[in-house]
Amino acid sequence: VSAETRHQIPFLNYATYIKYTDNGALEDTYYSVTLPDKGKFIHHVPQDYDIHMINNNYSNSMIILNSYYVESQTNNNSGLAYNKTDSGTDIKIHNDSAFSARYFNTQKDDPEIGALEESVTYKDGNYVGTISNQTGYDISNACLIISGQIYAIGNIPDGVTADVNVSAKGVVSQDYDIERAIRSALNIPLDGAADGMERVQLNMLLQFINDNSYDNYAYVIGFADQYRTQMFSDTPMTEVNGMTMVQKQIRIGYESDSSGRIYIPDITQMMHVDSGDIYILTREIYSNELDISFDFKNTFLPETLTLTDSSEGAYTISAYNYTTMTYENIFTDSSKLSGEGLGVYFDDNKILKLKITCSIPNSVDFSILPAFSMTGRME
């Protein structure tokens with residue numbers, strides 16, 4: 001390729017995640033810089049960003065750059081130099097081979113994006129409610145993720161409130177194909193290669209699910225196609241390619257019956273894995289012991305806890321007794337716990353802790369996490 005026709009500018013590719021929390025939003029961006037020829041490249045990162053240099057697998061931070069770094073530093077092995085200034089961090093890449101890439105992760109609190117608001121309730125076997133897009137950007141391919149199942153909502157233009165009315169799906173099975181489920185939700189053909197931005201969205205959602213493998217909380221997600229991290233505000237768009245995904249952990253509401261009782265058909269959407277090895281999507285337990293906790297919030301008054309599915313796996317189930325501060329076997333005589341005795345297994349914040357123990361260690365490759373339902377009332 002002649003000097004007149006070959007690429008002369010670097011390629012910048014990024015994936016940005018906007019993570020909404022109770023304390024506001026966080027911008028989390030992974031990006032790469034690829035130089036098509038030998039030479040140097042200088043990139044300025046504004047001071048309100050923390051920046052990590054990472055390896056080619058987007059993991060295992062090698063250097064963390066933040067306000068504590070005030071002197072010019074050089075990593076001779078990677079051909080990188082960085083310098084902390086009053087306005088941010090200057091990164092200098094010294095390229096010794098064509099088309100070599102460098103990878104970075106940046107994080108910033110309170111990015112310039114508005115709110116994503118939702119109200120979703122389980123009612124008569126359906127999830128119903130609204131999702132309001134106040135981000136300042138159009139949202140494409142919005143979805144709900146509840147107990148491992150993905151529900152397509154569609155596109156939500158900026159300033160629009162979309163209605164939610166989807167039929168609740170059952171427990172995810174062992175042969176669950178997460179990629180096909182994502183393709184269906186994102187309107188990507190189920191067979192064949194995904195092209196362009198379809199592939200980017202597919203990979204970002206897969207990465208999101210992998211990053212949240214230790215909880216099973218409900219989320220609303222979508223893609224803000226026009227949002228662009230401020231790190232590239234001075235870079236021509238033709239030189240930058242990427243996608244932004246918004247994500248927010250949500251709390252599913254449950255409608256009470258005429259007596260005021262609430263029924264939660266699957267409490268795993270409130271589950272966090274404290275220790276042990278499990279593939280949360282298919283509920284496959286790969287360790288001899290699994291400690292999990294369920295957060296019902298402090299306004300919930302539990303009345304019954306029911307073991308609804310224990311068809312596979314040889315294990316015992318224990319609950320933590322906050323009075324005796326020990327784990328006690330439950331479901332030994334019945335598949336339901338109820339009455340005043342149930343209260344000892346919930347702390348003041350209504351946290352329930354369960355321990356799943358393999359009855360015959362190493363007897364099988366894995367066991368399947370049992371399913372639980374619950375009834376109760378709101379204070």
# chains A, B, ... in the order shown; residues from 1 in each chain; ligands from 1

$ residues_around --residues "region 327-340 of chain A" --least-positions-apart "3" --cutoff "6 Å" --atoms "only C-alpha atoms" --output "number ranges by chain"
A: 303-307, 317-321, 343

$ atom_distance --atom1 "CA of Gln149 (chain A)" --atom2 "CA of Val120 (chain A)"
15.1 Å

$ closest_residue --among "A:Ser32, A:Ser373, A:Ser293, A:Thr135" --to "Gly242 (chain A)" --atoms "only C-alpha atoms"
A:Ser32

$ closest_residue --among "A:Tyr315, A:Tyr14, A:Phe372, A:Tyr217" --to "Asn241 (chain A)" --atoms "only C-alpha atoms"
A:Tyr14

$ closest_residue --among "A:Leu116, A:Ile51, A:Cys358, A:Met271" --to "Asn288 (chain A)" --atoms "only C-alpha atoms"
A:Cys358

$ atom_distance --atom1 "CA of Tyr20 (chain A)" --atom2 "CA of Val246 (chain A)"
7.7 Å

$ residues_around --residues "region 257-268 of chain A" --least-positions-apart "3" --cutoff "9 Å" --atoms "only C-alpha atoms" --output "mmCIF file with C-alpha atoms, in the first residue's frame"
data_model
loop_
_atom_site.group_PDB
_atom_site.id
_atom_site.type_symbol
_atom_site.label_atom_id
_atom_site.label_comp_id
_atom_site.auth_asym_id
_atom_site.auth_seq_id
_atom_site.Cartn_x
_atom_site.Cartn_y
_atom_site.Cartn_z
ATOM 1 C CA TYR A 122 -45.603 -7.971 38.660
ATOM 2 C CA SER A 147 -34.280 -13.518 36.790
ATOM 3 C CA VAL A 171 -37.203 -20.274 35.352
ATOM 4 C CA ASP A 215 -26.227 -11.189 41.435
ATOM 5 C CA ASN A 216 -29.554 -11.800 39.817
ATOM 6 C CA TYR A 217 -31.108 -8.380 40.268
ATOM 7 C CA TYR A 254 -45.723 -6.627 43.513
ATOM 8 C CA MET A 271 -30.405 -12.639 45.128
ATOM 9 C CA HIS A 272 -26.710 -11.943 45.607
ATOM 10 C CA PHE A 294 -31.880 -11.989 49.433
ATOM 11 C CA PHE A 296 -36.381 -7.724 50.656
ATOM 12 C CA GLU A 303 -45.307 -14.563 55.917
ATOM 13 C CA THR A 308 -41.131 -24.350 44.607
ATOM 14 C CA ALA A 371 -36.420 -21.964 43.220
ATOM 15 C CA PHE A 372 -38.210 -20.176 46.033
ATOM 16 C CA SER A 373 -41.391 -18.105 46.269
ATOM 17 C CA MET A 374 -42.562 -15.879 49.082
ATOM 18 C CA THR A 375 -45.645 -14.128 50.375
ATOM 19 C CA GLY A 376 -45.761 -11.181 52.744
ATOM 20 C CA ARG A 377 -47.082 -7.704 53.359
ATOM 21 C CA MET A 378 -45.739 -4.180 53.267
#

$ atom_distance --atom1 "CA of Gly276 (chain A)" --atom2 "CA of Lys353 (chain A)"
13.5 Å

$ closest_residue --among "A:Asn212, A:Thr29, A:Asn23, A:Asn349" --to "Tyr279 (chain A)" --atoms "only C-alpha atoms"
A:Asn212

$ residues_around --residues "Asp277 (chain A)" --least-positions-apart "2" --cutoff "10 Å" --atoms "only C-alpha atoms" --output "list in words"
Ser213, Tyr214, Val273, Asp274, Ser275, Tyr279, Ile280, Glu284, Ile285, Tyr286, Ser287, Asn288, Glu289, Leu290, Asp291 and Phe366 of chain A

$ write_last_selection --atoms "C-alpha atoms" --output "PDB file, in the first residue's frame"
ATOM      1  CA  SER A 213     -22.602 -12.995  37.366  1.00  0.00           C
ATOM      2  CA  TYR A 214     -22.839 -12.785  41.160  1.00  0.00           C
ATOM      3  CA  VAL A 273     -24.023 -14.655  45.704  1.00  0.00           C
ATOM      4  CA  ASP A 274     -21.873 -14.167  48.818  1.00  0.00           C
ATOM      5  CA  SER A 275     -19.563 -17.151  48.236  1.00  0.00           C
ATOM      6  CA  TYR A 279     -23.576 -19.788  36.729  1.00  0.00           C
ATOM      7  CA  ILE A 280     -26.391 -17.458  37.601  1.00  0.00           C
ATOM      8  CA  GLU A 284     -25.923 -24.384  37.891  1.00  0.00           C
ATOM      9  CA  ILE A 285     -24.008 -24.749  41.188  1.00  0.00           C
ATOM     10  CA  TYR A 286     -20.407 -25.896  40.735  1.00  0.00           C
ATOM     11  CA  SER A 287     -19.197 -25.740  44.355  1.00  0.00           C
ATOM     12  CA  ASN A 288     -19.947 -27.981  47.309  1.00  0.00           C
ATOM     13  CA  GLU A 289     -21.310 -25.006  49.210  1.00  0.00           C
ATOM     14  CA  LEU A 290     -23.088 -21.836  48.096  1.00  0.00           C
ATOM     15  CA  ASP A 291     -23.920 -18.848  50.318  1.00  0.00           C
ATOM     16  CA  PHE A 366     -23.228 -29.572  39.280  1.00  0.00           C
TER      17      PHE A 366
END

$ select_by_dssp --residues "region 138-244 of chain A" --states "alpha helix (DSSP H)" --output "list in words"
Ile178, Glu179, Arg180, Ala181, Ile182, Arg183, Ser184, Ala185, Gly196, Met197, Glu198, Arg199, Val200, Gln201, Leu202, Asn203, Met204, Leu205, Leu206, Gln207, Phe208, Ile209, Asn210 and Asp211 of chain A

$ write_last_selection --atoms "N, CA, C and O atoms" --output "short mmCIF file (atom, residue, chain, number, x, y, z; two decimals), in the first residue's frame"
data_model
loop_
_atom_site.label_atom_id
_atom_site.label_comp_id
_atom_site.auth_asym_id
_atom_site.auth_seq_id
_atom_site.Cartn_x
_atom_site.Cartn_y
_atom_site.Cartn_z
N ILE A 178 -28.12 -18.00 25.88
CA ILE A 178 -28.19 -16.58 26.19
C ILE A 178 -27.96 -15.73 24.95
O ILE A 178 -28.59 -14.67 24.77
N GLU A 179 -27.08 -16.18 24.04
CA GLU A 179 -26.84 -15.37 22.85
C GLU A 179 -28.09 -15.28 21.98
O GLU A 179 -28.41 -14.21 21.46
N ARG A 180 -28.80 -16.38 21.82
CA ARG A 180 -30.03 -16.35 21.02
C ARG A 180 -31.09 -15.48 21.70
O ARG A 180 -31.85 -14.78 21.03
N ALA A 181 -31.14 -15.52 23.03
CA ALA A 181 -32.09 -14.68 23.75
C ALA A 181 -31.78 -13.20 23.54
O ALA A 181 -32.68 -12.38 23.34
N ILE A 182 -30.49 -12.85 23.56
CA ILE A 182 -30.10 -11.45 23.34
C ILE A 182 -30.38 -11.04 21.90
O ILE A 182 -30.89 -9.95 21.64
N ARG A 183 -30.06 -11.92 20.95
CA ARG A 183 -30.34 -11.61 19.55
C ARG A 183 -31.82 -11.32 19.34
O ARG A 183 -32.19 -10.37 18.63
N SER A 184 -32.67 -12.13 19.95
CA SER A 184 -34.10 -11.93 19.80
C SER A 184 -34.53 -10.58 20.39
O SER A 184 -35.30 -9.84 19.78
N ALA A 185 -34.00 -10.25 21.57
CA ALA A 185 -34.37 -8.99 22.22
C ALA A 185 -33.87 -7.78 21.45
O ALA A 185 -34.52 -6.73 21.44
N GLY A 196 -21.66 -5.04 12.15
CA GLY A 196 -21.52 -3.67 12.60
C GLY A 196 -21.97 -3.45 14.03
O GLY A 196 -21.54 -4.12 14.97
N MET A 197 -22.87 -2.45 14.20
CA MET A 197 -23.34 -2.09 15.53
C MET A 197 -24.15 -3.21 16.18
O MET A 197 -24.26 -3.27 17.40
N GLU A 198 -24.75 -4.08 15.39
CA GLU A 198 -25.44 -5.24 15.97
C GLU A 198 -24.47 -6.08 16.78
O GLU A 198 -24.78 -6.50 17.90
N ARG A 199 -23.31 -6.33 16.23
CA ARG A 199 -22.31 -7.12 16.91
C ARG A 199 -21.82 -6.40 18.16
O ARG A 199 -21.62 -7.03 19.22
N VAL A 200 -21.65 -5.09 18.09
CA VAL A 200 -21.21 -4.32 19.25
C VAL A 200 -22.24 -4.42 20.37
O VAL A 200 -21.90 -4.67 21.53
N GLN A 201 -23.52 -4.21 20.05
CA GLN A 201 -24.56 -4.29 21.07
C GLN A 201 -24.65 -5.70 21.67
O GLN A 201 -24.80 -5.86 22.88
N LEU A 202 -24.56 -6.71 20.83
CA LEU A 202 -24.60 -8.09 21.30
C LEU A 202 -23.46 -8.36 22.28
O LEU A 202 -23.66 -8.91 23.37
N ASN A 203 -22.25 -7.94 21.91
CA ASN A 203 -21.09 -8.19 22.77
C ASN A 203 -21.16 -7.39 24.07
O ASN A 203 -20.77 -7.88 25.13
N MET A 204 -21.68 -6.15 23.99
CA MET A 204 -21.77 -5.34 25.20
C MET A 204 -22.77 -5.92 26.19
O MET A 204 -22.53 -5.93 27.40
N LEU A 205 -23.89 -6.44 25.68
CA LEU A 205 -24.88 -7.02 26.58
C LEU A 205 -24.37 -8.33 27.17
O LEU A 205 -24.60 -8.63 28.35
N LEU A 206 -23.66 -9.12 26.37
CA LEU A 206 -23.02 -10.33 26.90
C LEU A 206 -22.01 -9.99 27.99
O LEU A 206 -21.95 -10.65 29.03
N GLN A 207 -21.22 -8.94 27.76
CA GLN A 207 -20.23 -8.52 28.75
C GLN A 207 -20.91 -8.05 30.03
O GLN A 207 -20.47 -8.35 31.14
N PHE A 208 -22.01 -7.32 29.87
CA PHE A 208 -22.77 -6.86 31.04
C PHE A 208 -23.25 -8.04 31.88
O PHE A 208 -23.13 -8.04 33.11
N ILE A 209 -23.78 -9.06 31.22
CA ILE A 209 -24.27 -10.23 31.94
C ILE A 209 -23.12 -10.96 32.64
O ILE A 209 -23.25 -11.39 33.79
N ASN A 210 -21.98 -11.07 31.97
CA ASN A 210 -20.82 -11.71 32.60
C ASN A 210 -20.33 -10.91 33.81
O ASN A 210 -19.92 -11.48 34.83
N ASP A 211 -20.34 -9.59 33.70
CA ASP A 211 -19.87 -8.73 34.79
C ASP A 211 -20.80 -8.78 36.00
O ASP A 211 -20.40 -8.41 37.11
#

$ residues_around --residues "region 153-156 of chain A" --least-positions-apart "2" --cutoff "7 Å" --atoms "only C-alpha atoms" --output "ChimeraX atom specification"
/A:133,138-143,151,158,160,162,164

$ write_last_selection --atoms "C-alpha atoms" --output "compact mmCIF listing (two decimals), in the first residue's frame"
# COMPACT_ATOMS: atom_id res chain seq x y z
CA ASN A 133 -36.35 8.25 28.98
CA ASP A 138 -32.75 8.47 22.13
CA ILE A 139 -32.59 4.93 23.56
CA SER A 140 -32.60 1.99 21.15
CA ASN A 141 -33.34 -1.66 21.92
CA ALA A 142 -34.44 -1.11 25.53
CA CYS A 143 -34.85 -4.37 27.48
CA TYR A 151 -37.74 -8.91 27.70
CA ASP A 158 -35.74 11.11 24.35
CA VAL A 160 -40.87 9.67 25.88
CA ALA A 162 -42.83 3.78 27.10
CA VAL A 164 -44.28 -2.07 29.68

$ closest_residue --among "A:Leu342, A:Tyr137, A:Asp347, A:Thr299" --to "Met325 (chain A)" --atoms "only C-alpha atoms"
A:Asp347

$ residues_around --residues "Thr121 (chain A)" --least-positions-apart "4" --cutoff "9 Å" --atoms "only C-alpha atoms" --output "PyMOL selection string"
chain A and resi 126-129+251-255

$ select_by_dssp --residues "region 104-299 of chain A" --states "strand (DSSP E or B)" --output "number ranges by chain"
A: 104-109, 115-123, 126-134, 139-146, 149-156, 161-167, 215, 218-224, 240-250, 253-254, 256, 262-264, 271-275, 278-279, 284-285, 289-295

$ closest_residue --among "A:Lys355, A:Lys19, A:Arg283, A:Lys297" --to "Thr244 (chain A)" --atoms "only C-alpha atoms"
A:Lys19
